[in-house]
Amino acid sequence: GDTLLVFTPLSNEPPTSNYATFDTRNLHPTLDFDASTEEKAVFTGILPRNYGGGGVTNTVWWAAGTATGGSVVWQTAFERIGTALDIDADSFATGNNGTTVAPSTTGSTTSTAIAHTDGAQMDSVAVGEAFRLRVNRDANDAINDTAVGDAELLFVELKET
């Protein structure tokens with residue numbers, strides 16, 4: 001599938017609380033997601049007109065701050081802005097999760113792919129409509145999210161499935 005959009009840490013529109021913190025690693029901008037608090041990042045985009053309606057896969061590219069083992073659970077969720085959303089309150093669709101083992105070397109990058117089918121999983125975002133994408137580390141999932149320390153988000157790719 002075609003790459004539709006790429007979001008970087010510099011595109012983040014942090015929520016008012018429990019937000020991923022901006023940082024750098026060797027001058028690479030990162031968003032740090034804590035291992036014990038569920039923190040979020042939010043990105044705004046417009047679904048490109050070349051989207052064919054087959055769903056998308058959000059790929060979160062990240063590195064572990066200190067961990068060299070364990071897993072990180074990422075979650076992504078869509079919020080359709082379209083032409084009718086009252087933007088005074090959030091209305092994100094239910095998020096989908098993906099889990100990836102942390103690299104064995106701190107500073108090495110890896111990725112987690114999270115698929116969303118077209119329709120309800122994408123909050124019914126239509127071609128040419130504005131939307132927000134929320135990304136969070138599911139630190140509340142103590143069974144599956146076992147990597148210690150921060151997970152450092154480098155960028156998110158939206159690719160047509």
# chains A, B, ... in the order shown; residues from 1 in each chain; ligands from 1

call {"tool": "closest_atom_pairs", "arguments": {"of": "stretch 14-80 of chain A", "to": "stretch 94-113 of chain A", "cutoff": "6 Å", "atoms": "only C-alpha atoms", "output": "JSON lines"}}
result
{"residue": "A:Asn58", "atom": "CA", "partner": "A:Ala113", "partner_atom": "CA", "distance": 5.7}
{"residue": "A:Thr59", "atom": "CA", "partner": "A:Ala113", "partner_atom": "CA", "distance": 4.3}
{"residue": "A:Val60", "atom": "CA", "partner": "A:Thr112", "partner_atom": "CA", "distance": 5.2}
{"residue": "A:Trp61", "atom": "CA", "partner": "A:Ser111", "partner_atom": "CA", "distance": 4.3}
{"residue": "A:Trp62", "atom": "CA", "partner": "A:Thr109", "partner_atom": "CA", "distance": 5.4}
{"residue": "A:Ala63", "atom": "CA", "partner": "A:Thr109", "partner_atom": "CA", "distance": 4.6}
{"residue": "A:Ala64", "atom": "CA", "partner": "A:Thr106", "partner_atom": "CA", "distance": 5.6}
{"residue": "A:Thr66", "atom": "CA", "partner": "A:Thr106", "partner_atom": "CA", "distance": 5.7}
{"residue": "A:Thr68", "atom": "CA", "partner": "A:Ser104", "partner_atom": "CA", "distance": 4.4}
{"residue": "A:Gly69", "atom": "CA", "partner": "A:Ala102", "partner_atom": "CA", "distance": 5.2}
{"residue": "A:Gly70", "atom": "CA", "partner": "A:Val101", "partner_atom": "CA", "distance": 5.7}
{"residue": "A:Ser71", "atom": "CA", "partner": "A:Val101", "partner_atom": "CA", "distance": 4.1}
{"residue": "A:Val72", "atom": "CA", "partner": "A:Thr99", "partner_atom": "CA", "distance": 5.6}
{"residue": "A:Val73", "atom": "CA", "partner": "A:Thr99", "partner_atom": "CA", "distance": 4.4}
{"residue": "A:Trp74", "atom": "CA", "partner": "A:Gly98", "partner_atom": "CA", "distance": 5.4}
{"residue": "A:Gln75", "atom": "CA", "partner": "A:Asn97", "partner_atom": "CA", "distance": 4.4}
{"residue": "A:Thr76", "atom": "CA", "partner": "A:Gly95", "partner_atom": "CA", "distance": 5.2}
{"residue": "A:Ala77", "atom": "CA", "partner": "A:Gly95", "partner_atom": "CA", "distance": 4.2}

call {"tool": "residues_around", "arguments": {"residues": "stretch 39-51 of chain A", "least_positions_apart": "6", "cutoff": "6 Å", "atoms": "only C-alpha atoms", "output": "tab-separated table (two decimals) with N, CA, C and O atoms, in the first residue's frame"}}
result
chain	number	residue	atom	x	y	z
A	12	ASN	N	3.22	16.84	16.87
A	12	ASN	CA	2.37	16.49	18.01
A	12	ASN	C	1.59	17.70	18.52
A	12	ASN	O	2.12	18.79	18.65
A	13	GLU	N	0.32	17.46	18.82
A	13	GLU	CA	-0.55	18.43	19.49
A	13	GLU	C	-0.94	17.82	20.82
A	13	GLU	O	-1.97	17.16	20.95
A	14	PRO	N	-0.10	17.98	21.84
A	14	PRO	CA	-0.28	17.23	23.09
A	14	PRO	C	-1.60	17.56	23.78
A	14	PRO	O	-2.04	18.71	23.78
A	18	ASN	N	-1.38	13.94	30.77
A	18	ASN	CA	-0.86	12.62	30.38
A	18	ASN	C	-0.36	12.61	28.94
A	18	ASN	O	-0.70	11.73	28.15
A	19	TYR	N	0.45	13.58	28.62
A	19	TYR	CA	0.99	13.68	27.26
A	19	TYR	C	2.42	13.13	27.21
A	19	TYR	O	3.16	13.17	28.20
A	20	ALA	N	2.77	12.61	26.05
A	20	ALA	CA	4.15	12.18	25.82
A	20	ALA	C	5.03	13.43	25.81
A	20	ALA	O	4.62	14.47	25.31
A	33	PHE	N	7.31	8.11	25.91
A	33	PHE	CA	6.12	7.53	26.52
A	33	PHE	C	6.57	6.70	27.71
A	33	PHE	O	7.34	5.75	27.57
A	127	VAL	N	-12.37	10.39	2.50
A	127	VAL	CA	-11.33	11.02	1.70
A	127	VAL	C	-11.52	12.54	1.72
A	127	VAL	O	-12.63	13.05	1.58
A	128	GLY	N	-10.43	13.26	1.93
A	128	GLY	CA	-10.47	14.71	1.95
A	128	GLY	C	-10.92	15.33	3.25
A	128	GLY	O	-10.98	16.55	3.37
A	129	GLU	N	-11.25	14.50	4.24
A	129	GLU	CA	-11.71	15.02	5.54
A	129	GLU	C	-10.56	15.11	6.54
A	129	GLU	O	-9.63	14.30	6.53
A	130	ALA	N	-10.68	16.09	7.43
A	130	ALA	CA	-9.72	16.24	8.52
A	130	ALA	C	-10.01	15.19	9.60
A	130	ALA	O	-11.15	14.78	9.80
A	131	PHE	N	-8.95	14.79	10.27
A	131	PHE	CA	-9.07	13.82	11.37
A	131	PHE	C	-7.91	14.04	12.32
A	131	PHE	O	-6.94	14.74	12.01
A	132	ARG	N	-8.03	13.42	13.50
A	132	ARG	CA	-6.91	13.35	14.42
A	132	ARG	C	-6.58	11.89	14.67
A	132	ARG	O	-7.46	11.03	14.66
A	133	LEU	N	-5.29	11.63	14.87
A	133	LEU	CA	-4.81	10.30	15.22
A	133	LEU	C	-4.18	10.39	16.60
A	133	LEU	O	-3.29	11.20	16.83
A	134	ARG	N	-4.69	9.58	17.53
A	134	ARG	CA	-4.12	9.53	18.88
A	134	ARG	C	-3.24	8.29	18.96
A	134	ARG	O	-3.63	7.20	18.55
A	135	VAL	N	-2.04	8.49	19.50
A	135	VAL	CA	-1.09	7.39	19.71
A	135	VAL	C	-0.78	7.36	21.20
A	135	VAL	O	-0.49	8.39	21.80
A	136	ASN	N	-0.87	6.17	21.78
A	136	ASN	CA	-0.47	6.05	23.18
A	136	ASN	C	0.21	4.70	23.42
A	136	ASN	O	0.00	3.75	22.68

call {"tool": "closest_residue", "arguments": {"among": "A:Ser124, A:Thr21, A:Thr16, A:Ser91", "to": "A:Glu152", "atoms": "only C-alpha atoms"}}
result
A:Thr21

call {"tool": "atom_distance", "arguments": {"atom1": "atom CA of A:Leu85", "atom2": "atom CA of A:Thr57"}}
result
23.9 Å

call {"tool": "atom_distance", "arguments": {"atom1": "atom CA of A:Asp138", "atom2": "atom CA of A:Glu38"}}
result
5.7 Å

call {"tool": "residues_around", "arguments": {"residues": "A:Ala35", "least_positions_apart": "3", "cutoff": "10 Å", "atoms": "only C-alpha atoms", "output": "NGL selection string"}}
result
:A and (32 or 38-39 or 72 or 137-142 or 145-151)

call {"tool": "select_by_dssp", "arguments": {"residues": "stretch 10-86 of chain A", "states": "strand (DSSP E)", "output": "ChimeraX atom specification"}}
result
/A:21-25,28-33,40-46,56-64,71-80

call {"tool": "atom_distance", "arguments": {"atom1": "atom CA of A:Leu27", "atom2": "atom CA of A:Ser11"}}
result
16.2 Å

call {"tool": "closest_residue", "arguments": {"among": "A:Leu5, A:Leu153, A:Asp123, A:Leu158", "to": "A:Thr30", "atoms": "only C-alpha atoms"}}
result
A:Leu153

call {"tool": "closest_residue", "arguments": {"among": "A:Pro29, A:Gly53, A:Ser36, A:Thr8", "to": "A:Asp118", "atoms": "only C-alpha atoms"}}
result
A:Gly53

call {"tool": "residues_around", "arguments": {"residues": "A:Thr3", "least_positions_apart": "6", "cutoff": "8 Å", "atoms": "only C-alpha atoms", "output": "JSON, numbers by chain"}}
result
{"A": [157, 158, 159, 160]}

call {"tool": "write_last_selection", "arguments": {"atoms": "N, CA and C atoms", "output": "PDB file, in the first residue's frame"}}
result
ATOM      1  N   GLU A 157       3.840   6.321  10.435  1.00  0.00           N
ATOM      2  CA  GLU A 157       3.475   6.272   9.021  1.00  0.00           C
ATOM      3  C   GLU A 157       2.068   5.713   8.892  1.00  0.00           C
ATOM      4  N   LEU A 158       1.209   6.404   8.130  1.00  0.00           N
ATOM      5  CA  LEU A 158      -0.110   5.881   7.760  1.00  0.00           C
ATOM      6  C   LEU A 158       0.024   5.349   6.345  1.00  0.00           C
ATOM      7  N   LYS A 159      -0.218   4.055   6.219  1.00  0.00           N
ATOM      8  CA  LYS A 159      -0.071   3.402   4.923  1.00  0.00           C
ATOM      9  C   LYS A 159      -1.378   2.720   4.573  1.00  0.00           C
ATOM     10  N   GLU A 160      -1.763   2.819   3.327  1.00  0.00           N
ATOM     11  CA  GLU A 160      -2.979   2.134   2.898  1.00  0.00           C
ATOM     12  C   GLU A 160      -2.761   0.623   2.967  1.00  0.00           C
TER      13      GLU A 160
END
